[in-house]
Amino acid sequence: MDRETKLKRLQFRAWHRGTREADFLIGGFFDRYGPKWSEEEVDWFDRLLAEEDVDIMAWAIGTLPVPPGFCGPQMDAMQQLDYIDATK
């Protein structure tokens with residue numbers, strides 16, 4: 001799959017999580033950072049989307065420890081929460 005198609009697919013999955021809260025957090029994160037990600041970062045996000053929304057949100061707000069496979073600069077950026085735009 002080419003990069004553009006993969007990013008569009010990830011954006012759709014990021015914004016259609018099942019709850020508005022998860023959509024804003026995960027979709028907003030993708031919109032802010034996704035277009036600039038390397039292939040490795042895109043793969044990280046693809047793996048993240050396979051996780052439960054409640055876990056992703058808990059890792060982002062710091063109420064659960066982040067599993068080793070998701071620790072790093074991308075999770076650090078997600079934990080900033082400065083990308084959430086609830087006006088959409």
# chains A, B, ... in the order shown; residues from 1 in each chain; ligands from 1

call {"tool": "select_by_dssp", "arguments": {"residues": "chain A", "states": "helix (DSSP H, G or I)", "output": "PyMOL selection string"}}
result
chain A and resi 3-15+20-36+39-48+53-61+68-70+73-78

call {"tool": "residues_around", "arguments": {"residues": "segment 72-76 of chain A", "least_positions_apart": "3", "cutoff": "10 Å", "atoms": "only C-alpha atoms", "output": "PDB file with N, CA and C atoms, in the first residue's frame"}}
result
ATOM      1  N   PHE A  29      -4.373  13.685  17.580  1.00  0.00           N
ATOM      2  CA  PHE A  29      -2.949  13.354  17.587  1.00  0.00           C
ATOM      3  C   PHE A  29      -2.482  13.035  16.169  1.00  0.00           C
ATOM      4  N   TYR A  33       0.358  15.234  13.984  1.00  0.00           N
ATOM      5  CA  TYR A  33       1.690  14.679  13.737  1.00  0.00           C
ATOM      6  C   TYR A  33       1.792  13.703  12.570  1.00  0.00           C
ATOM      7  N   TRP A  37       5.230  11.844   9.920  1.00  0.00           N
ATOM      8  CA  TRP A  37       5.859  10.645  10.477  1.00  0.00           C
ATOM      9  C   TRP A  37       6.688   9.885   9.457  1.00  0.00           C
ATOM     10  N   GLU A  41       7.408   5.435  12.452  1.00  0.00           N
ATOM     11  CA  GLU A  41       6.401   6.095  13.281  1.00  0.00           C
ATOM     12  C   GLU A  41       4.987   5.749  12.822  1.00  0.00           C
ATOM     13  N   TRP A  44       4.273   2.390  14.224  1.00  0.00           N
ATOM     14  CA  TRP A  44       3.985   2.502  15.658  1.00  0.00           C
ATOM     15  C   TRP A  44       2.524   2.884  15.866  1.00  0.00           C
ATOM     16  N   PHE A  45       2.055   3.865  15.110  1.00  0.00           N
ATOM     17  CA  PHE A  45       0.677   4.317  15.253  1.00  0.00           C
ATOM     18  C   PHE A  45      -0.300   3.235  14.819  1.00  0.00           C
ATOM     19  N   LEU A  48      -0.580   0.962  17.611  1.00  0.00           N
ATOM     20  CA  LEU A  48      -1.322   1.612  18.694  1.00  0.00           C
ATOM     21  C   LEU A  48      -2.824   1.492  18.464  1.00  0.00           C
ATOM     22  N   ILE A  56      -5.300   3.329  25.537  1.00  0.00           N
ATOM     23  CA  ILE A  56      -4.589   4.426  24.864  1.00  0.00           C
ATOM     24  C   ILE A  56      -4.823   5.738  25.607  1.00  0.00           C
ATOM     25  N   TRP A  59      -2.939   5.767  28.928  1.00  0.00           N
ATOM     26  CA  TRP A  59      -1.501   6.003  28.726  1.00  0.00           C
ATOM     27  C   TRP A  59      -1.257   7.476  28.441  1.00  0.00           C
ATOM     28  N   ALA A  60      -2.133   8.069  27.623  1.00  0.00           N
ATOM     29  CA  ALA A  60      -1.951   9.471  27.239  1.00  0.00           C
ATOM     30  C   ALA A  60      -2.107  10.413  28.429  1.00  0.00           C
ATOM     31  N   VAL A  66       2.706   3.189  30.534  1.00  0.00           N
ATOM     32  CA  VAL A  66       2.796   2.887  29.105  1.00  0.00           C
ATOM     33  C   VAL A  66       3.606   1.605  28.915  1.00  0.00           C
ATOM     34  N   PRO A  68       6.188  -1.025  27.389  1.00  0.00           N
ATOM     35  CA  PRO A  68       7.487  -0.750  26.762  1.00  0.00           C
ATOM     36  C   PRO A  68       7.432  -0.577  25.239  1.00  0.00           C
ATOM     37  N   GLY A  69       6.595  -1.334  24.557  1.00  0.00           N
ATOM     38  CA  GLY A  69       6.510  -1.235  23.107  1.00  0.00           C
ATOM     39  C   GLY A  69       5.948   0.077  22.593  1.00  0.00           C
ATOM     40  N   GLN A  79       1.215  12.448  25.098  1.00  0.00           N
ATOM     41  CA  GLN A  79       0.936  12.813  26.479  1.00  0.00           C
ATOM     42  C   GLN A  79       0.891  14.326  26.703  1.00  0.00           C
ATOM     43  N   GLN A  80       1.304  15.110  25.726  1.00  0.00           N
ATOM     44  CA  GLN A  80       1.229  16.575  25.856  1.00  0.00           C
ATOM     45  C   GLN A  80      -0.212  17.069  25.791  1.00  0.00           C
ATOM     46  N   LEU A  81      -1.056  16.341  25.076  1.00  0.00           N
ATOM     47  CA  LEU A  81      -2.486  16.669  24.946  1.00  0.00           C
ATOM     48  C   LEU A  81      -2.747  18.060  24.385  1.00  0.00           C
TER      49      LEU A  81
END

call {"tool": "closest_residue", "arguments": {"among": "A:Trp15, A:Gly27, A:Met78, A:Lys6", "to": "Ala58 of chain A", "atoms": "only C-alpha atoms"}}
result
A:Met78

call {"tool": "atom_distance", "arguments": {"atom1": "atom CA of Thr63 of chain A", "atom2": "atom CA of His16 of chain A"}}
result
23.0 Å

call {"tool": "atom_distance", "arguments": {"atom1": "atom CA of Leu10 of chain A", "atom2": "atom CA of Tyr83 of chain A"}}
result
16.9 Å

call {"tool": "closest_residue", "arguments": {"among": "A:Pro65, A:Arg9, A:Ala22, A:Arg17", "to": "Val42 of chain A", "atoms": "only C-alpha atoms"}}
result
A:Arg9

call {"tool": "residues_around", "arguments": {"residues": "Glu21 of chain A", "least_positions_apart": "5", "cutoff": "9 Å", "atoms": "only C-alpha atoms", "output": "VMD selection string"}}
result
chain A and resid 26 57 86

call {"tool": "closest_residue", "arguments": {"among": "A:Ile84, A:Cys71, A:Leu7, A:Leu49", "to": "Pro35 of chain A", "atoms": "only C-alpha atoms"}}
result
A:Leu7

call {"tool": "decode", "arguments": {"residues": "chain A", "atoms": "C-alpha atoms", "output": "mmCIF file, in the first residue's frame"}}
result
data_model
loop_
_atom_site.group_PDB
_atom_site.id
_atom_site.type_symbol
_atom_site.label_atom_id
_atom_site.label_comp_id
_atom_site.auth_asym_id
_atom_site.auth_seq_id
_atom_site.Cartn_x
_atom_site.Cartn_y
_atom_site.Cartn_z
ATOM 1 C CA MET A 1 0.000 0.000 0.000
ATOM 2 C CA ASP A 2 1.383 3.421 -0.872
ATOM 3 C CA ARG A 3 2.056 5.970 1.882
ATOM 4 C CA GLU A 4 -0.831 8.300 1.017
ATOM 5 C CA THR A 5 -3.383 5.486 1.097
ATOM 6 C CA LYS A 6 -1.980 4.141 4.349
ATOM 7 C CA LEU A 7 -2.146 7.576 5.994
ATOM 8 C CA LYS A 8 -5.750 8.080 4.861
ATOM 9 C CA ARG A 9 -6.656 4.668 6.264
ATOM 10 C CA LEU A 10 -4.962 5.469 9.582
ATOM 11 C CA GLN A 11 -6.670 8.855 9.753
ATOM 12 C CA PHE A 12 -10.069 7.234 9.271
ATOM 13 C CA ARG A 13 -9.335 4.649 11.967
ATOM 14 C CA ALA A 14 -8.035 7.365 14.303
ATOM 15 C CA TRP A 15 -11.211 9.432 13.967
ATOM 16 C CA HIS A 16 -13.709 6.552 14.166
ATOM 17 C CA ARG A 17 -12.945 4.983 17.524
ATOM 18 C CA GLY A 18 -16.443 4.786 18.985
ATOM 19 C CA THR A 19 -16.424 7.661 21.471
ATOM 20 C CA ARG A 20 -15.973 11.380 20.902
ATOM 21 C CA GLU A 21 -13.306 11.530 23.597
ATOM 22 C CA ALA A 22 -11.190 8.870 21.898
ATOM 23 C CA ASP A 23 -11.803 10.469 18.503
ATOM 24 C CA PHE A 24 -10.541 13.840 19.741
ATOM 25 C CA LEU A 25 -7.503 12.366 21.465
ATOM 26 C CA ILE A 26 -6.406 9.799 18.883
ATOM 27 C CA GLY A 27 -7.687 11.596 15.782
ATOM 28 C CA GLY A 28 -6.329 14.927 16.933
ATOM 29 C CA PHE A 29 -2.949 13.354 17.587
ATOM 30 C CA PHE A 30 -2.894 11.886 14.091
ATOM 31 C CA ASP A 31 -3.928 15.170 12.472
ATOM 32 C CA ARG A 32 -1.194 17.095 14.276
ATOM 33 C CA TYR A 33 1.690 14.679 13.737
ATOM 34 C CA GLY A 34 0.754 11.953 11.238
ATOM 35 C CA PRO A 35 1.624 13.656 7.960
ATOM 36 C CA LYS A 36 5.240 14.152 9.102
ATOM 37 C CA TRP A 37 5.859 10.645 10.477
ATOM 38 C CA SER A 38 8.532 8.321 9.197
ATOM 39 C CA GLU A 39 7.558 4.799 8.148
ATOM 40 C CA GLU A 40 8.638 3.533 11.578
ATOM 41 C CA GLU A 41 6.401 6.095 13.281
ATOM 42 C CA VAL A 42 3.487 5.203 11.002
ATOM 43 C CA ASP A 43 3.957 1.539 11.955
ATOM 44 C CA TRP A 44 3.985 2.502 15.658
ATOM 45 C CA PHE A 45 0.677 4.317 15.253
ATOM 46 C CA ASP A 46 -0.813 1.419 13.306
ATOM 47 C CA ARG A 47 0.082 -0.900 16.193
ATOM 48 C CA LEU A 48 -1.322 1.612 18.694
ATOM 49 C CA LEU A 49 -4.681 1.605 16.911
ATOM 50 C CA ALA A 50 -4.987 -2.128 17.580
ATOM 51 C CA GLU A 51 -5.075 -1.388 21.318
ATOM 52 C CA GLU A 52 -8.211 -0.632 23.346
ATOM 53 C CA ASP A 53 -9.250 3.027 23.424
ATOM 54 C CA VAL A 54 -9.456 3.065 27.213
ATOM 55 C CA ASP A 55 -5.849 1.891 27.423
ATOM 56 C CA ILE A 56 -4.589 4.426 24.864
ATOM 57 C CA MET A 57 -6.388 7.226 26.681
ATOM 58 C CA ALA A 58 -5.072 6.083 30.061
ATOM 59 C CA TRP A 59 -1.501 6.003 28.726
ATOM 60 C CA ALA A 60 -1.951 9.471 27.239
ATOM 61 C CA ILE A 61 -3.255 11.026 30.455
ATOM 62 C CA GLY A 62 -0.902 9.073 32.688
ATOM 63 C CA THR A 63 -3.350 6.960 34.691
ATOM 64 C CA LEU A 64 -1.773 3.699 33.462
ATOM 65 C CA PRO A 65 1.891 2.981 32.772
ATOM 66 C CA VAL A 66 2.796 2.887 29.105
ATOM 67 C CA PRO A 67 3.854 -0.583 27.904
ATOM 68 C CA PRO A 68 7.487 -0.750 26.762
ATOM 69 C CA GLY A 69 6.510 -1.235 23.107
ATOM 70 C CA PHE A 70 4.776 2.149 23.083
ATOM 71 C CA CYS A 71 7.244 4.196 25.151
ATOM 72 C CA GLY A 72 9.252 6.817 23.340
ATOM 73 C CA PRO A 73 9.001 10.162 21.573
ATOM 74 C CA GLN A 74 5.600 9.520 19.984
ATOM 75 C CA MET A 75 3.973 8.625 23.291
ATOM 76 C CA ASP A 76 5.705 11.623 24.867
ATOM 77 C CA ALA A 77 4.069 13.815 22.206
ATOM 78 C CA MET A 78 0.703 12.127 22.753
ATOM 79 C CA GLN A 79 0.936 12.813 26.479
ATOM 80 C CA GLN A 80 1.229 16.575 25.856
ATOM 81 C CA LEU A 81 -2.486 16.669 24.946
ATOM 82 C CA ASP A 82 -1.941 20.022 23.195
ATOM 83 C CA TYR A 83 -3.391 18.760 19.927
ATOM 84 C CA ILE A 84 -6.974 18.171 21.063
ATOM 85 C CA ASP A 85 -9.499 20.405 19.318
ATOM 86 C CA ALA A 86 -12.981 19.739 20.709
ATOM 87 C CA THR A 87 -14.548 22.278 18.353
ATOM 88 C CA LYS A 88 -14.649 19.837 15.396
#
